[in-house]
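Chemist: Have a peek at start-v5.pdb (PDB, C-alpha atoms and all ligand atoms).
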ATOM      1  CA  MET A 295      21.943  -6.784  -9.232  1.00  0.00           C
ATOM      2  CA  SER A 296      18.421  -6.798 -10.561  1.00  0.00           C
ATOM      3  CA  VAL A 297      15.613  -5.563  -8.356  1.00  0.00           C
ATOM      4  CA  THR A 298      12.939  -5.578 -11.057  1.00  0.00           C
ATOM      5  CA  GLY A 299       9.614  -6.006  -9.386  1.00  0.00           C
ATOM      6  CA  VAL A 300      10.410  -6.109  -5.686  1.00  0.00           C
ATOM      7  CA  PHE A 301      10.441  -2.318  -5.205  1.00  0.00           C
ATOM      8  CA  ASP A 302       7.886  -1.500  -7.904  1.00  0.00           C
ATOM      9  CA  GLY A 303       6.064   1.746  -7.174  1.00  0.00           C
ATOM     10  CA  TRP A 304       8.852   3.022  -4.899  1.00  0.00           C
ATOM     11  CA  THR A 305      11.456   5.606  -5.852  1.00  0.00           C
ATOM     12  CA  ILE A 306      14.921   4.378  -4.874  1.00  0.00           C
ATOM     13  CA  THR A 307      16.740   7.490  -3.629  1.00  0.00           C
ATOM     14  CA  SER A 308      19.840   5.665  -2.395  1.00  0.00           C
ATOM     15  CA  PRO A 309      20.796   2.066  -3.217  1.00  0.00           C
ATOM     16  CA  TYR A 310      22.583  -0.478  -1.029  1.00  0.00           C
ATOM     17  CA  GLY A 311      26.376  -0.255  -1.021  1.00  0.00           C
ATOM     18  CA  TYR A 312      29.100   2.376  -0.961  1.00  0.00           C
ATOM     19  CA  ARG A 313      28.013   5.999  -1.289  1.00  0.00           C
ATOM     20  CA  ALA A 314      28.915   9.521  -0.205  1.00  0.00           C
ATOM     21  CA  ASP A 315      27.584   9.930   3.336  1.00  0.00           C
ATOM     22  CA  PRO A 316      24.653  12.423   3.231  1.00  0.00           C
ATOM     23  CA  PHE A 317      25.895  14.097   6.441  1.00  0.00           C
ATOM     24  CA  ASN A 318      29.651  14.500   5.971  1.00  0.00           C
ATOM     25  CA  GLY A 319      30.254  13.528   2.310  1.00  0.00           C
ATOM     26  CA  SER A 320      32.809  10.856   3.165  1.00  0.00           C
ATOM     27  CA  ARG A 321      32.656   7.439   1.508  1.00  0.00           C
ATOM     28  CA  SER A 322      30.631   5.074   3.650  1.00  0.00           C
ATOM     29  CA  PHE A 323      28.657   1.872   3.313  1.00  0.00           C
ATOM     30  CA  HIS A 324      24.900   2.208   3.050  1.00  0.00           C
ATOM     31  CA  THR A 325      23.507  -0.837   4.849  1.00  0.00           C
ATOM     32  CA  GLY A 326      20.030  -0.691   3.313  1.00  0.00           C
ATOM     33  CA  VAL A 327      18.066   0.793   0.447  1.00  0.00           C
ATOM     34  CA  ASP A 328      16.255   4.151   0.711  1.00  0.00           C
ATOM     35  CA  LEU A 329      12.746   4.072  -0.710  1.00  0.00           C
ATOM     36  CA  VAL A 330      10.259   6.894  -1.119  1.00  0.00           C
ATOM     37  CA  LYS A 331       6.508   7.054  -1.757  1.00  0.00           C
ATOM     38  CA  TYR A 332       5.282  10.078   0.213  1.00  0.00           C
ATOM     39  CA  HIS A 333       5.434  11.300   3.805  1.00  0.00           C
ATOM     40  CA  LYS A 334       3.315   9.137   6.142  1.00  0.00           C
ATOM     41  CA  TYR A 335       2.715   6.515   3.410  1.00  0.00           C
ATOM     42  CA  PRO A 336       1.461   3.289   5.104  1.00  0.00           C
ATOM     43  CA  ILE A 337       4.243   0.758   4.520  1.00  0.00           C
ATOM     44  CA  PRO A 338       3.244  -2.876   3.856  1.00  0.00           C
ATOM     45  CA  ALA A 339       5.617  -5.593   5.090  1.00  0.00           C
ATOM     46  CA  PHE A 340       7.641  -6.960   2.153  1.00  0.00           C
ATOM     47  CA  VAL A 341       7.600 -10.388   3.833  1.00  0.00           C
ATOM     48  CA  GLY A 342       5.818 -11.842   6.845  1.00  0.00           C
ATOM     49  CA  GLY A 343       7.394 -12.954  10.102  1.00  0.00           C
ATOM     50  CA  VAL A 344       7.674 -12.307  13.816  1.00  0.00           C
ATOM     51  CA  VAL A 345       8.209  -8.779  15.163  1.00  0.00           C
ATOM     52  CA  LEU A 346      11.493  -8.651  17.099  1.00  0.00           C
ATOM     53  CA  PHE A 347      11.610  -4.910  17.681  1.00  0.00           C
ATOM     54  CA  ALA A 348       9.101  -2.063  17.378  1.00  0.00           C
ATOM     55  CA  GLY A 349       9.764   1.436  18.636  1.00  0.00           C
ATOM     56  CA  GLU A 350      12.479   4.038  18.880  1.00  0.00           C
ATOM     57  CA  GLY A 351      15.942   2.687  18.125  1.00  0.00           C
ATOM     58  CA  GLY A 352      17.987   4.024  21.005  1.00  0.00           C
ATOM     59  CA  PRO A 353      21.677   3.363  21.765  1.00  0.00           C
ATOM     60  CA  GLY A 354      22.393  -0.306  22.471  1.00  0.00           C
ATOM     61  CA  THR A 355      19.356  -1.612  20.592  1.00  0.00           C
ATOM     62  CA  GLY A 356      21.261  -2.190  17.344  1.00  0.00           C
ATOM     63  CA  PHE A 357      19.128   0.567  15.831  1.00  0.00           C
ATOM     64  CA  GLY A 358      20.784   3.739  17.140  1.00  0.00           C
ATOM     65  CA  GLY A 359      20.066   6.617  14.739  1.00  0.00           C
ATOM     66  CA  TYR A 360      17.371   4.611  12.950  1.00  0.00           C
ATOM     67  CA  GLY A 361      14.500   6.564  14.567  1.00  0.00           C
ATOM     68  CA  ASN A 362      11.289   4.574  14.867  1.00  0.00           C
ATOM     69  CA  VAL A 363      11.981   1.039  13.677  1.00  0.00           C
ATOM     70  CA  VAL A 364      10.085  -2.175  13.074  1.00  0.00           C
ATOM     71  CA  ALA A 365      12.224  -5.329  12.737  1.00  0.00           C
ATOM     72  CA  ILE A 366      10.616  -8.558  11.534  1.00  0.00           C
ATOM     73  CA  LYS A 367      12.258 -12.008  11.441  1.00  0.00           C
ATOM     74  CA  ASP A 368      11.257 -14.109   8.420  1.00  0.00           C
ATOM     75  CA  GLU A 369      11.047 -17.922   8.166  1.00  0.00           C
ATOM     76  CA  LYS A 370      14.736 -18.194   7.270  1.00  0.00           C
ATOM     77  CA  GLY A 371      15.797 -16.172  10.318  1.00  0.00           C
ATOM     78  CA  TYR A 372      16.687 -12.996   8.385  1.00  0.00           C
ATOM     79  CA  VAL A 373      15.541  -9.719   9.899  1.00  0.00           C
ATOM     80  CA  HIS A 374      13.748  -7.058   7.834  1.00  0.00           C
ATOM     81  CA  CYS A 375      14.180  -3.558   9.278  1.00  0.00           C
ATOM     82  CA  TYR A 376      11.905  -0.623   8.441  1.00  0.00           C
ATOM     83  CA  ALA A 377      13.568   2.554   9.721  1.00  0.00           C
ATOM     84  CA  HIS A 378      13.011   6.328  10.137  1.00  0.00           C
ATOM     85  CA  LEU A 379       9.261   5.647  10.449  1.00  0.00           C
ATOM     86  CA  ASP A 380       7.050   8.607  11.269  1.00  0.00           C
ATOM     87  CA  SER A 381       5.232   6.195  13.568  1.00  0.00           C
ATOM     88  CA  VAL A 382       4.944   2.456  14.159  1.00  0.00           C
ATOM     89  CA  ALA A 383       1.647   0.804  13.124  1.00  0.00           C
ATOM     90  CA  ALA A 384      -0.590  -0.532  15.899  1.00  0.00           C
ATOM     91  CA  VAL A 385      -0.269  -4.120  14.605  1.00  0.00           C
ATOM     92  CA  ALA A 386       3.540  -4.070  14.866  1.00  0.00           C
ATOM     93  CA  VAL A 387       3.969  -5.318  18.418  1.00  0.00           C
ATOM     94  CA  LYS A 388       7.000  -7.270  19.639  1.00  0.00           C
ATOM     95  CA  GLY A 389       6.296 -11.027  19.501  1.00  0.00           C
ATOM     96  CA  ARG A 390       3.391 -10.766  17.111  1.00  0.00           C
ATOM     97  CA  THR A 391       3.313 -12.510  13.715  1.00  0.00           C
ATOM     98  CA  ILE A 392       2.897 -10.185  10.741  1.00  0.00           C
ATOM     99  CA  GLN A 393       1.709 -11.285   7.312  1.00  0.00           C
ATOM    100  CA  ARG A 394       3.210 -10.032   4.074  1.00  0.00           C
ATOM    101  CA  GLY A 395       1.308  -6.825   3.190  1.00  0.00           C
ATOM    102  CA  ASP A 396       0.343  -5.887   6.746  1.00  0.00           C
ATOM    103  CA  ILE A 397       1.055  -2.217   7.483  1.00  0.00           C
ATOM    104  CA  VAL A 398       4.129  -1.984   9.732  1.00  0.00           C
ATOM    105  CA  GLY A 399       4.478   1.794   9.992  1.00  0.00           C
ATOM    106  CA  TYR A 400       4.381   5.128   8.188  1.00  0.00           C
ATOM    107  CA  GLN A 401       7.108   6.704   6.059  1.00  0.00           C
ATOM    108  CA  GLY A 402       8.936   9.374   8.031  1.00  0.00           C
ATOM    109  CA  THR A 403      12.192  11.069   8.903  1.00  0.00           C
ATOM    110  CA  THR A 404      12.852  10.138  12.546  1.00  0.00           C
ATOM    111  CA  GLY A 405      16.404   9.465  13.734  1.00  0.00           C
ATOM    112  CA  ARG A 406      19.484  10.258  11.647  1.00  0.00           C
ATOM    113  CA  SER A 407      17.651  11.188   8.455  1.00  0.00           C
ATOM    114  CA  THR A 408      17.799  14.036   5.934  1.00  0.00           C
ATOM    115  CA  GLY A 409      14.202  13.765   4.712  1.00  0.00           C
ATOM    116  CA  SER A 410      11.116  11.549   4.676  1.00  0.00           C
ATOM    117  CA  HIS A 411      11.997   8.100   3.350  1.00  0.00           C
ATOM    118  CA  LEU A 412      11.987   4.418   4.276  1.00  0.00           C
ATOM    119  CA  HIS A 413      15.372   2.911   5.058  1.00  0.00           C
ATOM    120  CA  TYR A 414      14.775  -0.787   4.394  1.00  0.00           C
ATOM    121  CA  GLU A 415      17.504  -3.092   5.609  1.00  0.00           C
ATOM    122  CA  VAL A 416      17.809  -6.889   5.719  1.00  0.00           C
ATOM    123  CA  ARG A 417      20.134  -8.492   8.265  1.00  0.00           C
ATOM    124  CA  ALA A 418      21.223 -12.131   8.671  1.00  0.00           C
ATOM    125  CA  ASN A 419      20.189 -11.711  12.328  1.00  0.00           C
ATOM    126  CA  ILE A 420      19.177  -8.888  14.678  1.00  0.00           C
ATOM    127  CA  THR A 421      22.778  -7.654  15.130  1.00  0.00           C
ATOM    128  CA  TYR A 422      23.973  -4.446  13.467  1.00  0.00           C
ATOM    129  CA  GLY A 423      26.515  -5.152  10.701  1.00  0.00           C
ATOM    130  CA  THR A 424      25.015  -8.413   9.429  1.00  0.00           C
ATOM    131  CA  HIS A 425      23.285  -6.644   6.530  1.00  0.00           C
ATOM    132  CA  VAL A 426      22.810  -8.230   3.107  1.00  0.00           C
ATOM    133  CA  ASP A 427      21.689  -6.739  -0.225  1.00  0.00           C
ATOM    134  CA  PRO A 428      17.948  -6.201   0.453  1.00  0.00           C
ATOM    135  CA  GLY A 429      16.807  -6.170  -3.207  1.00  0.00           C
ATOM    136  CA  ALA A 430      18.659  -9.360  -4.101  1.00  0.00           C
ATOM    137  CA  TYR A 431      17.550 -11.084  -0.891  1.00  0.00           C
ATOM    138  CA  LEU A 432      13.907 -10.138  -1.377  1.00  0.00           C
ATOM    139  CA  GLU A 433      13.907 -11.252  -5.000  1.00  0.00           C
ATOM    140  CA  THR A 434      15.259 -14.700  -4.098  1.00  0.00           C
ATOM    141  CA  TYR A 435      13.009 -15.033  -1.040  1.00  0.00           C
ATOM    142  CA  LEU A 436       9.812 -14.196  -2.913  1.00  0.00           C
ATOM    143  CA  LYS A 437      10.729 -16.453  -5.845  1.00  0.00           C
ATOM    144  CA  THR A 438      11.228 -19.415  -3.477  1.00  0.00           C
ATOM    145  CA  GLU A 439       7.926 -18.654  -1.771  1.00  0.00           C
ATOM    146  CA  GLU A 440       6.073 -18.586  -5.103  1.00  0.00           C
ATOM    147  CA  LEU A 441       7.443 -21.994  -6.108  1.00  0.00           C
ATOM    148  CA  THR A 442       6.168 -23.714  -3.000  1.00  0.00           C
ATOM    149  CA  LEU A 443       2.647 -25.072  -3.333  1.00  0.00           C
ATOM    150  CA  ASP A 444       0.585 -25.213  -0.162  1.00  0.00           C
ATOM    151  CA  PRO A 445      -0.288 -28.917   0.587  1.00  0.00           C
ATOM    152  CA  GLY A 446      -3.911 -27.967   1.294  1.00  0.00           C
ATOM    153  CA  VAL A 447      -4.248 -26.326  -2.114  1.00  0.00           C
ATOM    154  CA  ARG A 448      -2.599 -29.363  -3.708  1.00  0.00           C
ATOM    155  CA  ASP A 449      -5.066 -31.781  -2.058  1.00  0.00           C
ATOM    156  CA  THR A 450      -8.024 -29.636  -3.111  1.00  0.00           C
ATOM    157  CA  ILE A 451      -6.858 -29.636  -6.732  1.00  0.00           C
ATOM    158  CA  ILE A 452      -6.236 -33.392  -6.722  1.00  0.00           C
ATOM    159  CA  ASN A 453      -9.458 -34.373  -4.896  1.00  0.00           C
ATOM    160  CA  THR A 454     -11.825 -31.909  -6.556  1.00  0.00           C
ATOM    161  CA  TRP A 455     -10.514 -31.877 -10.108  1.00  0.00           C
ATOM    162  CA  LEU A 456      -7.964 -34.534 -10.927  1.00  0.00           C
ATOM    163  CA  ASP A 457      -9.488 -37.622  -9.255  1.00  0.00           C
ATOM    164  CA  PRO A 458     -12.921 -37.228 -10.906  1.00  0.00           C
ATOM    165  CA  ALA A 459     -11.229 -36.502 -14.256  1.00  0.00           C
ATOM    166  CA  LEU A 460      -9.085 -39.622 -13.861  1.00  0.00           C
ATOM    167  CA  GLN A 461     -12.152 -41.779 -13.123  1.00  0.00           C
ATOM    168  CA  LYS A 462     -13.875 -40.337 -16.174  1.00  0.00           C
ATOM    169  CA  ALA A 463     -10.840 -41.024 -18.369  1.00  0.00           C
ATOM    170  CA  ASN A 464     -10.585 -44.597 -17.052  1.00  0.00           C
ATOM    171  CA  ALA A 465     -14.308 -45.199 -17.614  1.00  0.00           C
ATOM    172  CA  ALA A 466     -13.943 -43.938 -21.193  1.00  0.00           C
ATOM    173  CA  GLY A 467     -10.867 -46.104 -21.728  1.00  0.00           C
ATOM    174  CA  ASP A 468      -8.801 -43.009 -22.575  1.00  0.00           C
ATOM    175  CA  LYS A 469      -5.368 -44.203 -21.457  1.00  0.00           C
ATOM    176  CA  GLN A 470      -3.543 -41.143 -22.807  1.00  0.00           C
ATOM    177  CA  GLN A 471      -5.764 -38.769 -20.822  1.00  0.00           C
ATOM    178  CA  ALA A 472      -5.434 -40.913 -17.665  1.00  0.00           C
ATOM    179  CA  ASP A 473      -1.623 -40.879 -17.933  1.00  0.00           C
ATOM    180  CA  TYR A 474      -1.653 -37.121 -18.386  1.00  0.00           C
ATOM    181  CA  ILE A 475      -3.775 -36.621 -15.243  1.00  0.00           C
ATOM    182  CA  ARG A 476      -1.467 -38.916 -13.234  1.00  0.00           C
ATOM    183  CA  TRP A 477       1.504 -36.889 -14.459  1.00  0.00           C
ATOM    184  CA  LEU A 478      -0.183 -33.633 -13.377  1.00  0.00           C
ATOM    185  CA  ALA A 479      -0.846 -35.024  -9.891  1.00  0.00           C
ATOM    186  CA  ALA A 480       2.784 -36.161  -9.585  1.00  0.00           C
ATOM    187  CA  GLU A 481       4.019 -32.673 -10.584  1.00  0.00           C
ATOM    188  CA  LEU A 482       1.757 -31.068  -7.984  1.00  0.00           C
ATOM    189  CA  ARG A 483       3.104 -33.355  -5.272  1.00  0.00           C
ATOM    190  CA  LYS A 484       6.681 -32.437  -6.251  1.00  0.00           C
ATOM    191  CA  ALA A 485       5.852 -28.704  -6.114  1.00  0.00           C
ATOM    192  CA  SER A 486       4.526 -28.998  -2.559  1.00  0.00           C
ATOM    193  CA  GLU A 487       7.441 -30.970  -1.089  1.00  0.00           C
TER     194      GLU A 487
HETATM  195 ZN    ZN B 501      19.213   4.420   4.271  1.00  0.00          ZN
END
Could you write out this structure as structure tokens?

Modeler:
Amino acid sequence: MSVTGVFDGWTITSPYGYRADPFNGSRSFHTGVDLVKYHKYPIPAFVGGVVLFAGEGGPGTGFGGYGNVVAIKDEKGYVHCYAHLDSVAAVAVKGRTIQRGDIVGYQGTTGRSTGSHLHYEVRANITYGTHVDPGAYLETYLKTEELTLDPGVRDTIINTWLDPALQKANAAGDKQQADYIRWLAAELRKASE
């Protein structure tokens, strides 16, 4: 698994997968990735979405032992969980839409935790046990997002730059240039589908 880029600037203190449990030493599955900056570091959302849960993860919430948690559902329905937060950010309110980069909370050590860190977990839905590899998921998700061109941006490029250039090329009788501009416009339309 390659996580180059997605957790840049963070120290990974415990990866996703099997590990020795920090409390009893037995082999157990780590359902997220542990990331460290510094205590009370303001944590930006890795992806945007709707806040499903914000607050202390008590028994029966699906976040027992997680301390203060913010859970955000992305466009594909996957849920990004930020756990052991020192505190939840004011903007992270249940039902509210969060943008990528918005501060969701502050690095802490609430709940079942041995020291200040962010436990970042991605689940297929809100239910405990539906976890996926967070680094791999994030990498794929962000790549897909980057490849999609916003239709408004596409129209601006075509109307402001390509159409006048095409008229100019036609007026000059430059067929090669005109074909090239038409090809560019077609590529832009494909990228925004
Ligand atoms: Zn963890």

Chemist: Please expand the PyMOL selection byres (((not hetatm)) within 7 of (chain B and resi 501)) into the concrete residues it hits in this file, giving the result as a list in words.

Modeler: Ser308, His324, Thr325, Gly326, Val327, Asp328, His413 and Tyr414 of chain A

Chemist: I need the residue nearest Lys331 of chain A from this list: A:Gln393, A:Asn318, A:Gln401, A:Gln461. Use all atoms listed in the file for the distance.

Modeler: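 Ranking A:Gln393, A:Asn318, A:Gln401, A:Gln461 by distance to Lys331 of chain A, first place goes to A:Gln401.
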
Chemist: Can you work out which one of A:Gly352, A:Gly299, A:Gly361, A:Gly389 has the shortest atom-to-atom distance to Leu412 of chain A, counting only C-alpha atoms?

Modeler: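 Of A:Gly352, A:Gly299, A:Gly361, A:Gly389, the one nearest Leu412 of chain A, counting only C-alpha atoms, is A:Gly361.
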
Chemist: Just how far from atom CA of Ala339 of chain A is atom CA of Arg390 of chain A, in Å to one decimal?

Modeler: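 Rounded to one decimal, the two atoms are 13.3 Å apart.
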
Chemist: Give me the result of the PyMOL selection byres (((chain A and resi 382) around 9) and not hetatm) on this file, residue by residue, as a list in words.

Modeler: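 Expected selection for the PyMOL selection byres (((chain A and resi 382) around 9) and not hetatm) here is Ala348, Gly349, Asn362, Val363, Val364, Leu379, Asp380, Ser381, Ala383, Ala384, Val385, Ala386, Val387, Val398, Gly399 and Tyr400 of chain A.
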
Chemist: Spell out the residues picked by the PyMOL selection byres (((chain A and resi 323) around 10) and not hetatm) here, as a list in words.

Modeler: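 So the PyMOL selection byres (((chain A and resi 323) around 10) and not hetatm), applied here, picks out Tyr310, Gly311, Tyr312, Arg313, Ala314, Asp315, Ser320, Arg321, Ser322, His324, Thr325 and Gly326 of chain A.
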
Chemist: Using all atoms listed in the file, which residue out of A:Lys334, A:Arg448, A:Arg417, A:Lys469 lies closest to Lys370 of chain A?

Modeler: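 The closest residue to Lys370 of chain A is A:Arg417.
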
Chemist: Would you mind reading off the distance between atom CA of Ala479 of chain A and atom CA of Leu456 of chain A, one decimal, in Å?

Modeler: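 Computed distance, atom CA of Ala479 of chain A to atom CA of Leu456 of chain A, equals 7.2 Å.
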
Chemist: Which polymer residues have any atom within 7 Å of an atom of Tyr372 of chain A, counting all atoms listed in the file, with same-chain residues fewer than 6 positions away left out, as a list of chain:residue names?

Modeler: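 The neighbour list is A:Val416, A:Arg417, A:Ala418, A:Asn419.
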
Chemist: From the set A:Ala480, A:Val341, A:Leu460, A:Ile475, which residue has the shortest atom-to-atom contact distance to Gly395 of chain A, counting all atoms listed in the file?

Modeler: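 The shortest atom-to-atom distance to Gly395 of chain A comes from A:Val341.
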
Chemist: Check the smallest atom-to-atom distance from each of A:Gly351, A:Gly359, A:Gly342, A:Gly429 to Ile306 of chain A using all atoms listed in the file, then report the winner.

Modeler: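 Under the stated criterion, the closest residue is A:Gly429.
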
Chemist: Just give me the gap between atom CA of Phe317 of chain A and atom CA of Gly358 of chain A in Å, one decimal is fine.

Modeler: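 Atom CA of Gly358 of chain A lies 15.7 Å from atom CA of Phe317 of chain A.
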
Chemist: So, with all atoms listed in the file as the atoms that count, which of A:Gly423, A:Gly446, A:Pro458, A:Gly405 lies closest to Pro353 of chain A?

Modeler: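 With all atoms listed in the file as the atom set, the closest residue is A:Gly405.
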
Chemist: Would you kindly return, as an NGL selection string, each protein, DNA or RNA residue with an atom no farther than 7 Å from any atom of Ile392 of chain A, considering all atoms listed in the file and excluding same-chain residues fewer than 4 positions away?

Modeler: :A and (342-344 or 396)

Chemist: Axis-aligned box over every listed atom of segment 362-381 of chain A, padded by 3 Å per side: centre and edges in Å to one decimal, as AutoDock Vina command-line options?

Modeler:
--center_x 11.0 --center_y -4.8 --center_z 11.1 --size_x 17.5 --size_y 32.8 --size_z 13.6

Chemist: Could you tell me, as a PyMOL selection string, which residues have any atom at most 12 Å from (2.6, -33.8, -4.7), counting all atoms listed in the file?

Modeler: chain A and resi 442-452+476-487

Chemist: List as a PyMOL selection string: which residues have an atom within 6 Å of (-8.3, -37.7, -19.2), counting only C-alpha atoms?

Modeler: chain A and resi 459-460+463+471-472
